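Report on one structure; see the data block that follows.
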Amino acid sequence: MNRFTWSYFAAPQRFYRLAGKAVPWCAAVAIVLTLYGLYLGLGVAPTDFQQGDSYRIIFIHVPAAWTAMVLYVAMAFWAAVGLIFNARLAAMLAQAIAPTGALMAFLALWTGALWGKPTWGTWWVWDARLTSTLILLFLYIGYMSLRAAIDDERRADRASAVLAIVGVVNVPIIYFSVKWWNTLHQGASVSLTKAPSMAAIMLQGMLVMALALWAYCFAVVFMRVRLVILERERDAAWTREHLARPQAA
Amino acid sequence: MKLYWASWSDFFAMGGYGPYVWGSFGVAVVVIAAELWSLRQRRKGLTSETEP
(Lines give C-alpha, C1' and ligand atoms only; values in the text may rest on other atoms or scores of the structure.)
Protein backbone atom coordinates (compact mmCIF):
# COMPACT_ATOMS: atom_id res chain seq x y z
CA MET A 1 0.00 0.00 0.00
CA ASN A 2 2.94 2.37 -0.40
CA ARG A 3 1.16 4.15 -3.22
CA PHE A 4 -1.52 5.21 -0.71
CA THR A 5 -0.02 8.57 0.18
CA TRP A 6 -1.75 11.90 0.65
CA SER A 7 -1.00 12.82 -2.92
CA TYR A 8 -2.45 9.63 -4.40
CA PHE A 9 -5.96 11.04 -4.56
CA ALA A 10 -4.73 14.48 -5.63
CA ALA A 11 -5.08 13.27 -9.21
CA PRO A 12 -8.55 14.47 -10.26
CA GLN A 13 -9.36 11.21 -12.02
CA ARG A 14 -8.75 9.14 -8.87
CA PHE A 15 -10.55 11.60 -6.63
CA TYR A 16 -13.47 11.57 -9.05
CA ARG A 17 -13.99 7.87 -8.41
CA LEU A 18 -13.39 8.14 -4.65
CA ALA A 19 -15.93 10.99 -4.35
CA GLY A 20 -18.40 8.98 -6.41
CA LYS A 21 -18.17 6.13 -3.90
CA ALA A 22 -18.61 8.49 -0.95
CA VAL A 23 -21.77 10.24 -2.23
CA PRO A 24 -24.33 7.46 -1.54
CA TRP A 25 -22.95 6.87 1.99
CA CYS A 26 -23.03 10.56 2.88
CA ALA A 27 -26.52 10.89 1.41
CA ALA A 28 -27.79 7.87 3.37
CA VAL A 29 -26.37 9.25 6.63
CA ALA A 30 -27.91 12.65 5.86
CA ILE A 31 -31.37 11.17 5.25
CA VAL A 32 -31.37 8.98 8.38
CA LEU A 33 -30.08 11.77 10.64
CA THR A 34 -32.48 14.33 9.18
CA LEU A 35 -35.48 12.09 9.87
CA TYR A 36 -34.24 11.37 13.40
CA GLY A 37 -33.37 15.01 14.06
CA LEU A 38 -36.76 16.26 12.83
CA TYR A 39 -38.47 13.60 14.91
CA LEU A 40 -36.63 14.82 18.01
CA GLY A 41 -36.87 18.53 17.27
CA LEU A 42 -40.36 18.86 15.86
CA GLY A 43 -41.95 15.77 17.41
CA VAL A 44 -40.55 14.93 20.83
CA ALA A 45 -39.00 18.14 22.23
CA PRO A 46 -41.41 20.12 24.42
CA THR A 47 -42.43 23.74 23.92
CA ASP A 48 -40.08 26.37 25.31
CA PHE A 49 -41.59 28.17 28.30
CA GLN A 50 -40.36 31.59 27.11
CA GLN A 51 -40.50 31.48 23.32
CA GLY A 52 -43.28 28.97 22.74
CA ASP A 53 -42.89 26.85 19.63
CA SER A 54 -41.09 29.57 17.66
CA TYR A 55 -37.88 28.28 19.25
CA ARG A 56 -38.11 25.15 17.07
CA ILE A 57 -36.55 27.20 14.28
CA ILE A 58 -33.31 26.56 16.21
CA PHE A 59 -33.20 23.04 14.73
CA ILE A 60 -32.50 24.43 11.28
CA HIS A 61 -31.14 27.90 12.11
CA VAL A 62 -28.14 26.90 14.25
CA PRO A 63 -27.04 23.96 12.06
CA ALA A 64 -27.25 26.18 8.96
CA ALA A 65 -25.26 28.97 10.61
CA TRP A 66 -22.58 26.58 11.89
CA THR A 67 -22.33 24.90 8.51
CA ALA A 68 -22.04 28.22 6.69
CA MET A 69 -19.04 29.14 8.86
CA VAL A 70 -17.38 25.71 8.75
CA LEU A 71 -17.78 25.55 4.96
CA TYR A 72 -16.20 28.98 4.60
CA VAL A 73 -13.15 27.86 6.57
CA ALA A 74 -12.99 24.66 4.51
CA MET A 75 -13.28 26.66 1.27
CA ALA A 76 -10.52 29.07 2.32
CA PHE A 77 -8.34 26.15 3.45
CA TRP A 78 -8.55 24.34 0.12
CA ALA A 79 -8.18 27.60 -1.78
CA ALA A 80 -4.98 28.26 0.21
CA VAL A 81 -3.67 24.74 -0.43
CA GLY A 82 -4.39 25.25 -4.11
CA LEU A 83 -2.59 28.57 -4.10
CA ILE A 84 0.48 27.47 -2.11
CA PHE A 85 1.07 24.05 -3.68
CA ASN A 86 -0.38 24.91 -7.08
CA ALA A 87 -2.73 21.95 -6.61
CA ARG A 88 -5.60 21.76 -9.07
CA LEU A 89 -7.81 19.41 -7.08
CA ALA A 90 -7.63 21.61 -3.97
CA ALA A 91 -8.77 24.60 -6.02
CA MET A 92 -11.59 22.51 -7.47
CA LEU A 93 -12.72 21.55 -3.95
CA ALA A 94 -12.82 25.21 -2.92
CA GLN A 95 -14.84 25.96 -6.05
CA ALA A 96 -17.26 23.12 -5.23
CA ILE A 97 -17.80 24.22 -1.62
CA ALA A 98 -18.75 27.85 -2.35
CA PRO A 99 -22.35 27.46 -3.67
CA THR A 100 -23.38 25.19 -0.79
CA GLY A 101 -21.79 27.57 1.71
CA ALA A 102 -23.73 30.46 0.19
CA LEU A 103 -26.98 28.50 0.47
CA MET A 104 -26.28 27.73 4.13
CA ALA A 105 -25.52 31.39 4.87
CA PHE A 106 -28.77 32.33 3.13
CA LEU A 107 -30.69 29.74 5.18
CA ALA A 108 -29.14 31.03 8.43
CA LEU A 109 -30.27 34.57 7.56
CA TRP A 110 -33.71 33.54 6.33
CA THR A 111 -34.55 31.34 9.33
CA GLY A 112 -33.05 34.01 11.59
CA ALA A 113 -35.44 36.59 10.15
CA LEU A 114 -38.39 34.26 10.69
CA TRP A 115 -37.25 33.68 14.25
CA GLY A 116 -36.50 37.35 14.90
CA LYS A 117 -39.98 38.55 13.96
CA PRO A 118 -41.90 36.69 16.71
CA THR A 119 -39.17 36.96 19.39
CA TRP A 120 -37.63 40.42 18.81
CA GLY A 121 -40.48 42.00 16.86
CA THR A 122 -38.35 42.63 13.78
CA TRP A 123 -37.16 40.67 10.74
CA TRP A 124 -33.79 42.37 10.72
CA VAL A 125 -31.52 44.60 12.81
CA TRP A 126 -28.05 45.86 11.96
CA ASP A 127 -26.61 43.97 14.89
CA ALA A 128 -23.04 42.62 14.85
CA ARG A 129 -24.02 38.95 14.53
CA LEU A 130 -26.55 39.53 11.75
CA THR A 131 -24.40 41.98 9.83
CA SER A 132 -21.30 39.77 9.91
CA THR A 133 -23.38 36.81 8.72
CA LEU A 134 -24.69 38.94 5.84
CA ILE A 135 -21.06 39.77 5.00
CA LEU A 136 -20.37 36.01 4.98
CA LEU A 137 -23.07 35.56 2.33
CA PHE A 138 -21.59 38.43 0.30
CA LEU A 139 -18.12 36.88 0.57
CA TYR A 140 -19.44 33.63 -0.88
CA ILE A 141 -21.20 35.52 -3.67
CA GLY A 142 -18.12 37.66 -4.31
CA TYR A 143 -15.93 34.55 -4.48
CA MET A 144 -18.21 32.88 -7.02
CA SER A 145 -18.60 36.06 -9.09
CA LEU A 146 -14.85 36.62 -9.20
CA ARG A 147 -14.27 33.02 -10.31
CA ALA A 148 -16.94 33.33 -12.96
CA ALA A 149 -15.51 36.63 -14.26
CA ILE A 150 -12.09 35.15 -15.12
CA ASP A 151 -11.99 32.86 -18.13
CA ASP A 152 -8.66 31.19 -17.45
CA GLU A 153 -9.39 28.58 -14.75
CA ARG A 154 -5.97 28.65 -13.12
CA ARG A 155 -6.00 32.45 -12.89
CA ALA A 156 -9.55 32.28 -11.53
CA ASP A 157 -8.29 29.81 -8.89
CA ARG A 158 -5.55 32.16 -7.74
CA ALA A 159 -7.58 35.36 -7.68
CA SER A 160 -10.54 33.79 -5.90
CA ALA A 161 -8.21 32.05 -3.43
CA VAL A 162 -6.86 35.42 -2.30
CA LEU A 163 -10.41 36.68 -1.74
CA ALA A 164 -11.36 33.52 0.17
CA ILE A 165 -8.27 33.73 2.41
CA VAL A 166 -8.73 37.42 3.21
CA GLY A 167 -12.41 36.84 3.97
CA VAL A 168 -11.67 34.17 6.56
CA VAL A 169 -11.09 36.96 9.09
CA ASN A 170 -14.87 37.39 9.11
CA VAL A 171 -15.49 33.93 10.60
CA PRO A 172 -14.09 34.64 14.11
CA ILE A 173 -15.87 37.99 13.93
CA ILE A 174 -19.19 36.17 13.45
CA TYR A 175 -18.37 33.67 16.16
CA PHE A 176 -17.29 36.19 18.81
CA SER A 177 -19.64 39.00 17.74
CA VAL A 178 -22.08 38.16 20.51
CA LYS A 179 -19.28 38.59 23.07
CA TRP A 180 -17.42 41.55 21.61
CA TRP A 181 -20.46 43.71 20.98
CA ASN A 182 -23.68 44.26 22.79
CA THR A 183 -25.95 42.42 20.38
CA LEU A 184 -29.65 41.69 20.23
CA HIS A 185 -28.71 38.18 19.15
CA GLN A 186 -28.40 35.80 22.08
CA GLY A 187 -25.03 34.35 23.11
CA ALA A 188 -23.84 30.85 22.26
CA SER A 189 -26.21 28.12 23.43
CA VAL A 190 -23.48 25.52 23.20
CA SER A 191 -19.83 25.99 24.09
CA LEU A 192 -16.94 23.70 24.86
CA THR A 193 -16.24 25.26 28.26
CA LYS A 194 -19.70 25.69 29.77
CA ALA A 195 -22.66 23.42 30.30
CA PRO A 196 -25.17 24.02 27.48
CA SER A 197 -27.92 26.50 28.33
CA MET A 198 -30.70 24.34 26.94
CA ALA A 199 -32.61 21.17 27.76
CA ALA A 200 -30.95 17.86 26.89
CA ILE A 201 -33.56 16.80 24.33
CA MET A 202 -33.38 20.16 22.54
CA LEU A 203 -29.60 20.02 22.47
CA GLN A 204 -29.71 16.45 21.18
CA GLY A 205 -32.11 17.39 18.37
CA MET A 206 -29.94 20.35 17.40
CA LEU A 207 -26.73 18.29 17.30
CA VAL A 208 -28.38 15.53 15.25
CA MET A 209 -29.64 18.13 12.77
CA ALA A 210 -26.17 19.68 12.58
CA LEU A 211 -24.62 16.29 11.80
CA ALA A 212 -27.35 15.67 9.22
CA LEU A 213 -26.60 18.96 7.49
CA TRP A 214 -22.87 18.24 7.50
CA ALA A 215 -23.49 14.83 5.91
CA TYR A 216 -25.68 16.56 3.31
CA CYS A 217 -22.93 19.08 2.58
CA PHE A 218 -20.34 16.32 2.16
CA ALA A 219 -22.64 14.53 -0.30
CA VAL A 220 -23.43 17.67 -2.29
CA VAL A 221 -19.85 18.96 -2.36
CA PHE A 222 -18.61 15.57 -3.57
CA MET A 223 -21.32 15.60 -6.26
CA ARG A 224 -20.36 19.10 -7.33
CA VAL A 225 -16.61 18.50 -7.29
CA ARG A 226 -17.18 15.58 -9.65
CA LEU A 227 -18.95 17.92 -12.06
CA VAL A 228 -16.20 20.53 -11.69
CA ILE A 229 -13.58 17.86 -12.44
CA LEU A 230 -15.47 16.75 -15.56
CA GLU A 231 -15.92 20.35 -16.74
CA ARG A 232 -12.32 21.35 -16.18
CA GLU A 233 -10.76 18.12 -17.45
CA ARG A 234 -13.06 17.93 -20.45
CA ASP A 235 -10.17 17.61 -22.85
CA ALA A 236 -8.59 14.68 -21.04
CA ALA A 237 -9.02 11.28 -22.66
CA TRP A 238 -10.53 9.63 -19.56
CA THR A 239 -13.14 12.39 -19.24
CA ARG A 240 -14.31 12.11 -22.83
CA GLU A 241 -14.47 8.36 -22.54
CA HIS A 242 -16.33 8.58 -19.22
CA LEU A 243 -18.89 11.04 -20.56
CA ALA A 244 -19.49 8.83 -23.58
CA ARG A 245 -19.94 5.72 -21.40
CA PRO A 246 -20.72 6.87 -17.80
CA GLN A 247 -21.17 3.32 -16.46
CA ALA A 248 -17.64 2.23 -17.29
CA ALA A 249 -15.71 4.45 -14.84
CA MET B 1 -39.63 8.92 23.75
CA LYS B 2 -43.18 10.15 23.45
CA LEU B 3 -44.42 12.58 20.86
CA TYR B 4 -45.19 15.96 22.35
CA TRP B 5 -48.27 16.77 20.25
CA ALA B 6 -51.84 15.77 21.02
CA SER B 7 -53.02 16.03 17.39
CA TRP B 8 -51.90 16.80 13.86
CA SER B 9 -53.58 20.20 13.95
CA ASP B 10 -51.57 21.07 17.09
CA PHE B 11 -48.45 20.01 15.25
CA PHE B 12 -49.19 22.17 12.21
CA ALA B 13 -50.27 25.16 14.33
CA MET B 14 -46.96 25.14 16.30
CA GLY B 15 -48.62 27.06 19.14
CA GLY B 16 -49.53 29.91 16.77
CA TYR B 17 -46.01 30.15 15.31
CA GLY B 18 -46.82 27.87 12.34
CA PRO B 19 -45.96 30.34 9.56
CA TYR B 20 -42.56 31.11 11.12
CA VAL B 21 -41.61 27.51 11.89
CA TRP B 22 -42.90 26.05 8.61
CA GLY B 23 -41.59 29.05 6.68
CA SER B 24 -38.12 28.17 8.00
CA PHE B 25 -38.21 24.42 7.39
CA GLY B 26 -40.13 24.80 4.13
CA VAL B 27 -37.59 27.17 2.61
CA ALA B 28 -34.79 24.84 3.76
CA VAL B 29 -36.46 22.00 1.84
CA VAL B 30 -36.92 24.21 -1.24
CA VAL B 31 -33.27 25.37 -1.15
CA ILE B 32 -31.99 21.80 -0.85
CA ALA B 33 -34.29 20.56 -3.63
CA ALA B 34 -33.17 23.42 -5.89
CA GLU B 35 -29.51 22.66 -5.24
CA LEU B 36 -29.94 18.96 -6.08
CA TRP B 37 -31.98 19.81 -9.18
CA SER B 38 -29.37 22.27 -10.46
CA LEU B 39 -26.62 19.66 -10.00
CA ARG B 40 -28.69 17.21 -12.01
CA GLN B 41 -29.19 19.73 -14.81
CA ARG B 42 -25.48 20.51 -14.84
CA ARG B 43 -24.65 16.80 -15.17
CA LYS B 44 -27.15 16.42 -18.02
CA GLY B 45 -25.61 19.39 -19.82
CA LEU B 46 -22.20 17.74 -19.67
CA THR B 47 -23.39 14.48 -21.20
CA SER B 48 -25.37 16.10 -23.99
CA GLU B 49 -22.34 18.21 -24.96
CA THR B 50 -20.38 15.15 -26.04
CA GLU B 51 -23.19 13.64 -28.09
CA PRO B 52 -22.79 14.18 -31.86
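For the C-alpha coordinates, the naming scheme is as follows: chains receive sequential letters (A, B, ...) according to their order of presentation, residues are indexed from 1 within each chain, and ligands are indexed from 1 in presentation order.
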
**Prompt:** Got a sec to pull out which chain B residues are within 6 Å of chain A, counting only C-alpha atoms, and send them as a PyMOL selection string?
**Reply:** chain B and resi 3-4+14-15+17+20-21+24+47

key: Non-local contacts of range 171-184 of chain A (12 Å; only C-alpha atoms; under 3 positions in same chain excluded) as JSON, numbers by chain   = {"A": [65, 66, 67, 68, 69, 70, 71, 72, 73, 74, 76, 105, 116, 119, 120, 121, 122, 124, 125, 126, 127, 128, 129, 130, 131, 132, 133, 134, 135, 136, 137, 139, 164, 165, 166, 167, 168, 187, 188, 189, 190, 191]}

Written file, previous selection with N, CA and C atoms, as a CSV table (one decimal), in the first residue's frame:
```csv
chain,number,residue,atom,x,y,z
A,65,ALA,N,-26.3,27.9,10.3
A,65,ALA,CA,-25.3,29.0,10.6
A,65,ALA,C,-23.9,28.4,10.9
A,66,TRP,N,-23.9,27.3,11.7
A,66,TRP,CA,-22.6,26.6,11.9
A,66,TRP,C,-22.0,26.1,10.6
A,67,THR,N,-22.8,25.5,9.8
A,67,THR,CA,-22.3,24.9,8.5
A,67,THR,C,-21.8,26.0,7.6
A,68,ALA,N,-22.5,27.1,7.5
A,68,ALA,CA,-22.0,28.2,6.7
A,68,ALA,C,-20.6,28.7,7.1
A,69,MET,N,-20.4,28.7,8.4
A,69,MET,CA,-19.0,29.1,8.9
A,69,MET,C,-18.0,28.1,8.6
A,70,VAL,N,-18.3,26.8,8.9
A,70,VAL,CA,-17.4,25.7,8.7
A,70,VAL,C,-17.0,25.6,7.3
A,71,LEU,N,-18.0,25.7,6.4
A,71,LEU,CA,-17.8,25.5,5.0
A,71,LEU,C,-16.9,26.7,4.5
A,72,TYR,N,-17.1,27.9,5.0
A,72,TYR,CA,-16.2,29.0,4.6
A,72,TYR,C,-14.7,28.7,4.9
A,73,VAL,N,-14.5,28.2,6.2
A,73,VAL,CA,-13.1,27.9,6.6
A,73,VAL,C,-12.6,26.8,5.7
A,74,ALA,N,-13.4,25.8,5.4
A,74,ALA,CA,-13.0,24.7,4.5
A,74,ALA,C,-12.7,25.2,3.1
A,76,ALA,N,-11.7,28.3,2.3
A,76,ALA,CA,-10.5,29.1,2.3
A,76,ALA,C,-9.3,28.2,2.5
A,105,ALA,N,-25.5,30.0,4.3
A,105,ALA,CA,-25.5,31.4,4.9
A,105,ALA,C,-26.9,32.0,4.6
A,116,GLY,N,-36.6,36.0,14.3
A,116,GLY,CA,-36.5,37.3,14.9
A,116,GLY,C,-37.9,38.0,15.0
A,119,THR,N,-39.8,36.8,18.1
A,119,THR,CA,-39.2,37.0,19.4
A,119,THR,C,-38.6,38.4,19.6
A,120,TRP,N,-38.2,39.1,18.6
A,120,TRP,CA,-37.6,40.4,18.8
A,120,TRP,C,-38.6,41.5,18.3
A,121,GLY,N,-39.6,41.0,17.5
A,121,GLY,CA,-40.5,42.0,16.9
A,121,GLY,C,-40.0,42.6,15.6
A,122,THR,N,-38.9,42.1,15.0
A,122,THR,CA,-38.3,42.6,13.8
A,122,THR,C,-37.7,41.5,13.0
A,124,TRP,N,-35.2,42.1,10.9
A,124,TRP,CA,-33.8,42.4,10.7
A,124,TRP,C,-33.4,43.5,11.6
A,125,VAL,N,-32.2,43.4,12.2
A,125,VAL,CA,-31.5,44.6,12.8
A,125,VAL,C,-30.1,44.6,12.4
A,126,TRP,N,-29.5,45.8,12.4
A,126,TRP,CA,-28.1,45.9,12.0
A,126,TRP,C,-27.2,45.6,13.2
A,127,ASP,N,-27.3,44.4,13.7
A,127,ASP,CA,-26.6,44.0,14.9
A,127,ASP,C,-25.3,43.2,14.4
A,128,ALA,N,-24.3,43.1,15.3
A,128,ALA,CA,-23.0,42.6,14.8
A,128,ALA,C,-23.1,41.2,14.3
A,129,ARG,N,-23.9,40.3,15.0
A,129,ARG,CA,-24.0,38.9,14.5
A,129,ARG,C,-24.7,38.9,13.2
A,130,LEU,N,-25.8,39.6,13.0
A,130,LEU,CA,-26.6,39.5,11.7
A,130,LEU,C,-25.8,40.1,10.6
A,131,THR,N,-25.1,41.3,10.9
A,131,THR,CA,-24.4,42.0,9.8
A,131,THR,C,-23.2,41.1,9.4
A,132,SER,N,-22.5,40.6,10.3
A,132,SER,CA,-21.3,39.8,9.9
A,132,SER,C,-21.7,38.5,9.2
A,133,THR,N,-22.9,38.0,9.5
A,133,THR,CA,-23.4,36.8,8.7
A,133,THR,C,-23.8,37.2,7.3
A,134,LEU,N,-24.4,38.4,7.2
A,134,LEU,CA,-24.7,38.9,5.8
A,134,LEU,C,-23.4,39.1,5.0
A,135,ILE,N,-22.4,39.6,5.7
A,135,ILE,CA,-21.1,39.8,5.0
A,135,ILE,C,-20.5,38.4,4.5
A,136,LEU,N,-20.8,37.4,5.4
A,136,LEU,CA,-20.4,36.0,5.0
A,136,LEU,C,-21.1,35.6,3.7
A,137,LEU,N,-22.3,35.9,3.6
A,137,LEU,CA,-23.1,35.6,2.3
A,137,LEU,C,-22.5,36.3,1.2
A,139,LEU,N,-19.4,37.4,0.9
A,139,LEU,CA,-18.1,36.9,0.6
A,139,LEU,C,-18.2,35.7,-0.3
A,164,ALA,N,-10.9,34.5,-0.8
A,164,ALA,CA,-11.4,33.5,0.2
A,164,ALA,C,-10.5,33.6,1.4
A,165,ILE,N,-9.2,33.7,1.3
A,165,ILE,CA,-8.3,33.7,2.4
A,165,ILE,C,-8.4,35.0,3.2
A,166,VAL,N,-8.5,36.1,2.5
A,166,VAL,CA,-8.7,37.4,3.2
A,166,VAL,C,-10.1,37.4,4.0
A,167,GLY,N,-11.1,36.8,3.4
A,167,GLY,CA,-12.4,36.8,4.0
A,167,GLY,C,-12.5,36.0,5.2
A,168,VAL,N,-11.6,35.1,5.4
A,168,VAL,CA,-11.7,34.2,6.6
A,168,VAL,C,-11.7,34.9,7.9
A,187,GLY,N,-26.4,34.9,23.1
A,187,GLY,CA,-25.0,34.3,23.1
A,187,GLY,C,-25.1,32.9,22.7
A,188,ALA,N,-23.9,32.2,22.7
A,188,ALA,CA,-23.8,30.8,22.3
A,188,ALA,C,-24.6,30.0,23.2
A,189,SER,N,-25.5,29.1,22.6
A,189,SER,CA,-26.2,28.1,23.4
A,189,SER,C,-25.4,26.9,23.8
A,190,VAL,N,-24.3,26.7,23.0
A,190,VAL,CA,-23.5,25.5,23.2
A,190,VAL,C,-22.0,26.0,23.2
A,191,SER,N,-21.2,25.7,24.2
A,191,SER,CA,-19.8,26.0,24.1
A,191,SER,C,-19.0,24.8,24.7
```

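Nearest residue to Ala94 in chain A among A:Val208, A:Ala19, A:Ala79, A:Val62 is A:Ala79, counting only C-alpha atoms.
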
Report task. Extract, using only C-alpha atoms, all DNA, RNA and protein residues at most 8 Å from Pro24 in chain A, discarding same-chain residues fewer than 4 positions from it, and format them as a PyMOL selection string. Result -> chain A and resi 20+28+219

For the selection you just gave me, I'd like the residues written to a file as a PDB file, in the first residue's frame, keeping N, CA and C atoms.
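Saved file result.pdb follows:
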```pdb
ATOM      1  N   GLY A  20     -17.212   9.668  -5.935  1.00  0.00           N
ATOM      2  CA  GLY A  20     -18.404   8.975  -6.410  1.00  0.00           C
ATOM      3  C   GLY A  20     -18.832   7.870  -5.468  1.00  0.00           C
ATOM      4  N   ALA A  28     -27.016   8.752   2.498  1.00  0.00           N
ATOM      5  CA  ALA A  28     -27.793   7.872   3.375  1.00  0.00           C
ATOM      6  C   ALA A  28     -27.734   8.371   4.819  1.00  0.00           C
ATOM      7  N   ALA A 219     -22.084  15.186   0.889  1.00  0.00           N
ATOM      8  CA  ALA A 219     -22.645  14.531  -0.300  1.00  0.00           C
ATOM      9  C   ALA A 219     -22.697  15.512  -1.471  1.00  0.00           C
TER      10      ALA A 219
END
```
